[in-house]
Amino acid sequence: MEARPPVRLFRNLSAKIAAIPMIVTALAVFVGGTIWTVVFSFTNSKLLPRANFIGLDQYERLWSTSRWLVAIENIVIYGVLSLIFTVVIGFVLAALMDQKIRFEDTFRTIMLYPFALSFIVTGLVWQWILNPEFGIQSIVRGLGFTNFSFDPLYNPDIVIYGILIAGLWQGTGFVMAIMLAGLRGIDEDIWKAARVDGIPAWKTYLFIVIPMMRPVFITTLVIIASGIVKLYDLVVAQTSGGPGNASEVPAKYVYDYMFLGQNLGQGFAASTMMLLSVLIVLIPWAYLEYGGRKNG
Amino acid sequence: MASVSVRNLVLNFGDVAVLKNLDLDIEKGEFLVLLGSSGCGKSTLLNCIAGLLDVTGGQIFIKDRNVTWLEPKDRGIGMVFQSYALYPQMNVRGNLSFGLKNARVPADEIERRINRAAGILHIEPLLDRKPAQLSGGQRQRVAIGRALVRDVDVFLFDEPLSNLDAKLRAELRVEIKRLHQQLEDTTMIYVTHDQIEAMTLADRIAIMRGGSIQQLADPHTIYNKPVNKYVAGFIGSPSINFLDGAIEAGAAPAFRAGDLVIPMTRYEFADGAAKSGAATLGVRPEHVMAGEFAASQPFRKEATVEVVEPMGADTQVWSRLGGMEFRFRVDGQTALRKGDTIEIGFDPARASLFDAKSELRL
Amino acid sequence: MRHPVQSWPAGQGTGRSRPDDRSDGRCRGNKWKEIVFPQSLLDSCTIDGRIYCAPVNIHSPEWLWLSNKVYEDLGIPVPTNWDEFVATAPQVEAAGKIPLALGNQPWQSNLAFGAMQIAVAGLDNWKKVNVEKNMDVAAGADYAKVFEAAANARKLAAKSTVQDWNQATNLVITDQAAGQIMGDWAQGEFQVAGEVAGKDYTCLPGLGLNAYLSTGGDAFYFPKVDNADTVAVQKRLAALLVAPETQVAFNLKKGSLPIRGDVDLSAANDCMKKGLELLAAGNIVPSGDQVWSPDVQTQAGDLMVEFWKSDMPAEEAHKKWVEILKSGL
């Protein structure tokens, strides 16, 4: 009797059964939830979702709301700067750490400590540090520089940078840790080869090591980017969106309108726009990253 | 004129002495192999010569220039690493030219050197490929090429073949030998733990142990006249047989171990004459003749076969001599089985005697 | 029906619950329905005719707090209403002080705007807009004044850079700022700083214009227990909470108003007297009638936040505000 190959579907059956709950959860909760949110963003749902479709009204209102426009502007500024500075500072710190320094463990712990704090704590701490009456400004003035002025959280024009400072303080340590792990993964012979070739250290980092750390950088970017999109608690703790609405961010808009304003439709429209902005960044990148490889 | 000289070199990592007061002179055009097991300090010594490690004490000279505190790039060396250490995102041409461009070598000169290196190493078709698209052997050729384009007097190899499979390793070994013959003025220092590489490539071998050089000599001397028991045991595969016993000096000096008495009258003692005392006799398995071939040997003895290991061309046989484990080789066609008795013989003059205590050659 | 909280028949009053409860004697015969004022406080604590919580104070947000010293130093009388406050502001500013202290958090400017609505536009107009939803009134001249007042307040508070309400109150206490629009809880801060109402600081309920007070407040809830001893203690505590002496002592510290009008006025301070008079006169903001949806409230809040920290003209804010209200009709 000839043995026939088993039906593919039933191979590793127990493993597949075990994976079903996770698959269902992923599909129902993530995909289903996303689709549901997008669909109901076209309704005039208030406290509870109602399938009363009103077309693009929620989006029209959203994009004519100055608070939303401010929030978008803020997240763009915060996002771009946070991405750049977190990566640059994180990498530079990691590179410094990688110089076989003494007390590396201690430094690493200190750098990583802020990451162990919640955004709320970070936000409160920096609210005080940046408070002109108690924080940096008053200390520097106390040193005799009476004209010194540094109150980013109280100036609508620069408040987002005040939040950025706290965000960087919190996030760079973690990025440094990832980068350090990445640097440690670089074969030491590469460094030796570069030294024998007479390549200065900065050039070695720039042209050899950083390109080799591409996967590490991608991981880092994904982590930072997700942190940027969901930026909420830091703002709440530092400024509650103030002064005025100068430090509003999209996630806060979504929360406020879904739960305080009890206008689900508006909140959904805003969160759909957030999803859309993520996709606008993600899809071309994924296309370049994965689509290009097949052709090349 | 020595090409590379190392004087009183000391290197400590904290309290650990890695290199102990090392002296070494390498002639121009010489191929020197630093051989030893891992942790003996051979790679460390190479890194010191390259300038990749700061020495604790001593001096290093390359072409009579004191380079002890010079940067690697200024020492006139090229280096090849075990893991190839190619720059992965640059193609072969980029790997070869990166250092030169950085040193502001003119473009046509770079082109000339790349073409020359590519010609020597047969990597012309690979110039536009990335390292990921190359085989291990090709990568190592490129790595050698990167040292070659630097137009240097001293090549340093740090276990360059250890990451390759046996066949490729043999191929590339010959390649390196050819390269050395082609570049006759170039000094090569080659670190390995593989004694075959050492024996085949070296003009001289420095056997290292515990941060110092045990013996520095040509492969023939190293093999035939090891200076101590360690070197004798390290070189040779299968490794040398050691028989523990004592020397009886006199008109007809002999090595005695229990009932076993081996006359040592024709042995060339280092001091000129034998002295009585505990000693170890080292006999290489390949110097032992068995069966009909034993008849011509000055010392003969019956041996009982305990284990037979056929290896194709020859067969390794485990037996006992004077109650001690003793290996020898017979032709691969010889039919031997456990329990068989066979006559074996060797020439004691080709054996090595070591003092039991100091382990130095007698 | 059993409630998860302890309750007593509303008409009975707690005082007569235990004849042997001597310490409680003063309450005996008093019924809460008769003593608690305004009645709405007790209504909130009553379900199915049984009382389950003890109201302890009345909080209202419609107050303007002024530093007397700022005005004494300037040699001008302390303002008696918002208009005078605005009129004297340039002098205050010239003296290097902040006319109006205002925390950066959005709810504080919203609170100020809420206080101005009634104080400036008057209760009738307020009712027409918020209860009857009369959009003509909302868009009318009376409400335009509200936005003008808000625009003034915005100008006067421009130099106030603190974040929390009590930091703003502290500016008034330390005479760095002339005034603050804040709920009566601010008085707790004055108390702690050892300031005396009427002497060190002045309070103007309803900003000294149309003085009406809201009657929110805190209450103690009594969980239902079966242990008779615990019930007895609960009753004693409840009786103690509403006792006149407790009410005055507690509310002076807290900065709020007593829940009964019959307290000993000699113990009350200036602000408490003013508040009690208003309550007695029935100048109470109707509560629970405001049926703007949370969506409208949030949008209006956002508008205020934006208005307060930008240079949006009062007319434009007014127009936008009316549009937001209309969207909620």
# chains A, B, ... in the order shown; residues from 1 in each chain; ligands from 1
>>> closest_atom_pairs(of="chain A", to="chain B", cutoff="10 Å", atoms="only C-alpha atoms", output="CSV")
residue,atom,partner,partner_atom,distance
A:Ile186,CA,B:Ala85,CA,9.9
A:Asp187,CA,B:Ala85,CA,7.3
A:Glu188,CA,B:Ala85,CA,8.3
A:Asp189,CA,B:Ala85,CA,5.4
A:Ile190,CA,B:Ala85,CA,4.7
A:Trp191,CA,B:Ala85,CA,8.2
A:Lys192,CA,B:Leu52,CA,6.7
A:Ala193,CA,B:Ala85,CA,6.4
A:Ala194,CA,B:Gly99,CA,7.6
A:Arg195,CA,B:Pro72,CA,6.4
A:Val196,CA,B:Lys73,CA,4.9
A:Asp197,CA,B:Gly99,CA,4.7
A:Gly198,CA,B:Lys73,CA,4.8
A:Ile199,CA,B:Gly99,CA,6.3
A:Pro200,CA,B:Asn102,CA,8.8
A:Lys203,CA,B:Asn102,CA,9.4
A:Thr204,CA,B:Tyr87,CA,9.8
A:Phe207,CA,B:Gln89,CA,8.7
A:Ile208,CA,B:Tyr87,CA,6.2
A:Val209,CA,B:Tyr87,CA,8.6
A:Pro211,CA,B:Gln89,CA,6.8
A:Met212,CA,B:Pro88,CA,7.0
>>> interface_residues(of="chain A", to="chain C", cutoff="6 Å", atoms="only C-alpha atoms", output="list in words")
Tyr154, Pro243, Gly244, Asn245, Gly261, Gln262 and Asn263 of chain A
>>> select_by_dssp(residues="region 68-200 of chain C", states="alpha helix (DSSP H)", output="VMD selection string")
chain C and resid 68 to 74 82 to 94 106 to 121 123 to 130 135 to 138 141 to 156 165 to 173 186 to 192
>>> atom_distance(atom1="CA of Ser296 (chain B)", atom2="CA of Ile262 (chain B)")
15.7 Å
>>> atom_distance(atom1="CA of Thr315 (chain B)", atom2="CA of Leu336 (chain B)")
9.2 Å
>>> residues_around(residues="Gln180 (chain C)", least_positions_apart="4", cutoff="10 Å", atoms="only C-alpha atoms", output="list in words")
Trp63, Leu64, Trp65, Leu66, Ser67, Pro99, Leu100, Ala101, Leu102, Gly103, Ala112, Ala153, Ala157, Trp165, Ala168, Thr169, Asn170, Leu171, Val172, Ala186 and Cys203 of chain C
>>> write_last_selection(atoms="C-alpha atoms", output="short mmCIF file (atom, residue, chain, number, x, y, z; two decimals), in the first residue's frame")
data_model
loop_
_atom_site.label_atom_id
_atom_site.label_comp_id
_atom_site.auth_asym_id
_atom_site.auth_seq_id
_atom_site.Cartn_x
_atom_site.Cartn_y
_atom_site.Cartn_z
CA TRP C 63 -16.14 84.09 43.19
CA LEU C 64 -13.62 86.82 42.61
CA TRP C 65 -10.84 86.94 45.19
CA LEU C 66 -8.93 90.15 45.69
CA SER C 67 -5.78 91.10 47.57
CA PRO C 99 -4.03 92.08 37.64
CA LEU C 100 -5.59 88.65 37.35
CA ALA C 101 -4.02 85.39 38.45
CA LEU C 102 -5.07 82.45 36.34
CA GLY C 103 -3.67 78.93 36.23
CA ALA C 112 -13.84 81.88 34.94
CA ALA C 153 -9.74 88.90 31.79
CA ALA C 157 -4.09 87.41 33.11
CA TRP C 165 -5.22 76.88 40.73
CA ALA C 168 -2.60 81.17 41.22
CA THR C 169 -4.30 81.68 44.58
CA ASN C 170 -0.87 81.93 46.11
CA LEU C 171 -0.08 84.84 43.81
CA VAL C 172 -3.02 86.69 45.36
CA ALA C 186 -9.64 79.05 47.20
CA CYS C 203 -14.32 88.10 48.11
#
>>> select_by_dssp(residues="region 139-301 of chain C", states="strand (DSSP E)", output="ChimeraX atom specification")
/C:177-182,201-205,219-221
>>> write_last_selection(atoms="N, CA and C atoms", output="mmCIF file, in the first residue's frame")
data_model
loop_
_atom_site.group_PDB
_atom_site.id
_atom_site.type_symbol
_atom_site.label_atom_id
_atom_site.label_comp_id
_atom_site.auth_asym_id
_atom_site.auth_seq_id
_atom_site.Cartn_x
_atom_site.Cartn_y
_atom_site.Cartn_z
ATOM 1 N N ALA C 177 -0.428 89.237 42.748
ATOM 2 C CA ALA C 177 -1.533 89.442 41.817
ATOM 3 C C ALA C 177 -2.684 90.088 42.561
ATOM 4 N N ALA C 178 -3.510 90.851 41.829
ATOM 5 C CA ALA C 178 -4.592 91.573 42.482
ATOM 6 C C ALA C 178 -5.790 90.676 42.733
ATOM 7 N N GLY C 179 -6.082 89.782 41.777
ATOM 8 C CA GLY C 179 -7.284 88.982 41.961
ATOM 9 C C GLY C 179 -7.240 87.669 41.226
ATOM 10 N N GLN C 180 -8.222 86.832 41.551
ATOM 11 C CA GLN C 180 -8.358 85.552 40.883
ATOM 12 C C GLN C 180 -9.828 85.161 40.863
ATOM 13 N N ILE C 181 -10.273 84.659 39.729
ATOM 14 C CA ILE C 181 -11.621 84.106 39.694
ATOM 15 C C ILE C 181 -11.487 82.616 39.979
ATOM 16 N N MET C 182 -12.072 82.194 41.083
ATOM 17 C CA MET C 182 -11.920 80.787 41.454
ATOM 18 C C MET C 182 -13.057 80.421 42.397
ATOM 19 N N TYR C 201 -7.981 89.990 52.479
ATOM 20 C CA TYR C 201 -8.498 89.700 51.151
ATOM 21 C C TYR C 201 -9.996 89.959 51.120
ATOM 22 N N THR C 202 -10.486 90.161 49.923
ATOM 23 C CA THR C 202 -11.898 90.453 49.740
ATOM 24 C C THR C 202 -12.475 89.448 48.762
ATOM 25 N N CYS C 203 -13.710 89.015 49.043
ATOM 26 C CA CYS C 203 -14.317 88.097 48.107
ATOM 27 C C CYS C 203 -15.565 88.748 47.505
ATOM 28 N N LEU C 204 -15.727 88.546 46.209
ATOM 29 C CA LEU C 204 -16.891 89.096 45.530
ATOM 30 C C LEU C 204 -17.655 87.963 44.866
ATOM 31 N N PRO C 205 -18.666 87.436 45.521
ATOM 32 C CA PRO C 205 -19.446 86.375 44.888
ATOM 33 C C PRO C 205 -20.134 86.939 43.652
ATOM 34 N N ALA C 219 -20.576 65.425 50.406
ATOM 35 C CA ALA C 219 -21.451 64.734 51.357
ATOM 36 C C ALA C 219 -20.755 63.500 51.876
ATOM 37 N N PHE C 220 -21.129 63.115 53.076
ATOM 38 C CA PHE C 220 -20.630 61.852 53.646
ATOM 39 C C PHE C 220 -21.671 60.773 53.395
ATOM 40 N N TYR C 221 -21.227 59.652 52.861
ATOM 41 C CA TYR C 221 -22.140 58.538 52.588
ATOM 42 C C TYR C 221 -21.964 57.479 53.661
#
>>> residues_around(residues="Ile228 (chain A)", least_positions_apart="4", cutoff="9 Å", atoms="only C-alpha atoms", output="PDB file with all heavy atoms, in the first residue's frame")
ATOM      1  N   ILE A  75       2.191  67.100  16.755  1.00  0.00           N
ATOM      2  CA  ILE A  75       2.692  65.729  16.655  1.00  0.00           C
ATOM      3  C   ILE A  75       3.725  65.625  15.546  1.00  0.00           C
ATOM      4  O   ILE A  75       4.662  64.841  15.627  1.00  0.00           O
ATOM      5  CB  ILE A  75       1.523  64.722  16.465  1.00  0.00           C
ATOM      6  CG1 ILE A  75       1.953  63.350  16.985  1.00  0.00           C
ATOM      7  CG2 ILE A  75       1.103  64.609  15.030  1.00  0.00           C
ATOM      8  CD1 ILE A  75       2.092  63.267  18.470  1.00  0.00           C
ATOM      9  N   TYR A  78       6.856  67.272  17.163  1.00  0.00           N
ATOM     10  CA  TYR A  78       7.363  66.358  18.196  1.00  0.00           C
ATOM     11  C   TYR A  78       7.920  65.098  17.555  1.00  0.00           C
ATOM     12  O   TYR A  78       8.985  64.605  17.922  1.00  0.00           O
ATOM     13  CB  TYR A  78       6.234  66.006  19.166  1.00  0.00           C
ATOM     14  CG  TYR A  78       6.643  65.063  20.270  1.00  0.00           C
ATOM     15  CD1 TYR A  78       7.124  65.547  21.479  1.00  0.00           C
ATOM     16  CD2 TYR A  78       6.545  63.691  20.106  1.00  0.00           C
ATOM     17  CE1 TYR A  78       7.504  64.688  22.485  1.00  0.00           C
ATOM     18  CE2 TYR A  78       6.928  62.819  21.110  1.00  0.00           C
ATOM     19  CZ  TYR A  78       7.401  63.322  22.296  1.00  0.00           C
ATOM     20  OH  TYR A  78       7.784  62.470  23.283  1.00  0.00           O
ATOM     21  N   GLY A  79       7.156  64.563  16.578  1.00  0.00           N
ATOM     22  CA  GLY A  79       7.545  63.300  15.955  1.00  0.00           C
ATOM     23  C   GLY A  79       8.890  63.398  15.262  1.00  0.00           C
ATOM     24  O   GLY A  79       9.794  62.604  15.519  1.00  0.00           O
ATOM     25  N   SER A  82      11.676  64.231  17.845  1.00  0.00           N
ATOM     26  CA  SER A  82      11.902  63.132  18.776  1.00  0.00           C
ATOM     27  C   SER A  82      12.602  61.976  18.074  1.00  0.00           C
ATOM     28  O   SER A  82      13.516  61.357  18.612  1.00  0.00           O
ATOM     29  CB  SER A  82      10.560  62.718  19.386  1.00  0.00           C
ATOM     30  OG  SER A  82      10.543  61.367  19.670  1.00  0.00           O
ATOM     31  N   LEU A  83      12.178  61.718  16.838  1.00  0.00           N
ATOM     32  CA  LEU A  83      12.804  60.647  16.070  1.00  0.00           C
ATOM     33  C   LEU A  83      14.294  60.939  15.879  1.00  0.00           C
ATOM     34  O   LEU A  83      15.156  60.109  16.165  1.00  0.00           O
ATOM     35  CB  LEU A  83      12.103  60.553  14.715  1.00  0.00           C
ATOM     36  CG  LEU A  83      11.992  59.193  14.061  1.00  0.00           C
ATOM     37  CD1 LEU A  83      11.295  58.219  14.984  1.00  0.00           C
ATOM     38  CD2 LEU A  83      11.217  59.300  12.764  1.00  0.00           C
ATOM     39  N   ILE A 223       9.834  51.420  17.506  1.00  0.00           N
ATOM     40  CA  ILE A 223       9.498  51.660  18.918  1.00  0.00           C
ATOM     41  C   ILE A 223       9.261  53.156  19.158  1.00  0.00           C
ATOM     42  O   ILE A 223       8.263  53.547  19.760  1.00  0.00           O
ATOM     43  CB  ILE A 223      10.621  51.138  19.833  1.00  0.00           C
ATOM     44  CG1 ILE A 223      10.649  49.610  19.763  1.00  0.00           C
ATOM     45  CG2 ILE A 223      10.416  51.609  21.267  1.00  0.00           C
ATOM     46  CD1 ILE A 223      11.808  48.986  20.486  1.00  0.00           C
ATOM     47  N   ILE A 224      10.170  53.971  18.650  1.00  0.00           N
ATOM     48  CA  ILE A 224      10.019  55.417  18.870  1.00  0.00           C
ATOM     49  C   ILE A 224       8.735  55.912  18.191  1.00  0.00           C
ATOM     50  O   ILE A 224       7.960  56.671  18.771  1.00  0.00           O
ATOM     51  CB  ILE A 224      11.220  56.194  18.314  1.00  0.00           C
ATOM     52  CG1 ILE A 224      12.503  55.720  18.972  1.00  0.00           C
ATOM     53  CG2 ILE A 224      11.052  57.683  18.551  1.00  0.00           C
ATOM     54  CD1 ILE A 224      13.738  56.348  18.371  1.00  0.00           C
ATOM     55  N   TYR A 232       0.458  60.902  24.842  1.00  0.00           N
ATOM     56  CA  TYR A 232      -0.745  61.365  25.529  1.00  0.00           C
ATOM     57  C   TYR A 232      -0.429  61.725  26.977  1.00  0.00           C
ATOM     58  O   TYR A 232      -0.559  62.876  27.385  1.00  0.00           O
ATOM     59  CB  TYR A 232      -1.820  60.266  25.482  1.00  0.00           C
ATOM     60  CG  TYR A 232      -3.034  60.559  26.337  1.00  0.00           C
ATOM     61  CD1 TYR A 232      -4.039  61.407  25.881  1.00  0.00           C
ATOM     62  CD2 TYR A 232      -3.167  60.013  27.614  1.00  0.00           C
ATOM     63  CE1 TYR A 232      -5.134  61.691  26.654  1.00  0.00           C
ATOM     64  CE2 TYR A 232      -4.267  60.302  28.400  1.00  0.00           C
ATOM     65  CZ  TYR A 232      -5.248  61.140  27.916  1.00  0.00           C
ATOM     66  OH  TYR A 232      -6.332  61.425  28.691  1.00  0.00           O
TER      67      TYR A 232
END
>>> residues_around(residues="Thr215 (chain C)", least_positions_apart="3", cutoff="8 Å", atoms="only C-alpha atoms", output="VMD selection string")
chain C and resid 38 41 58 to 60 284 to 285 287
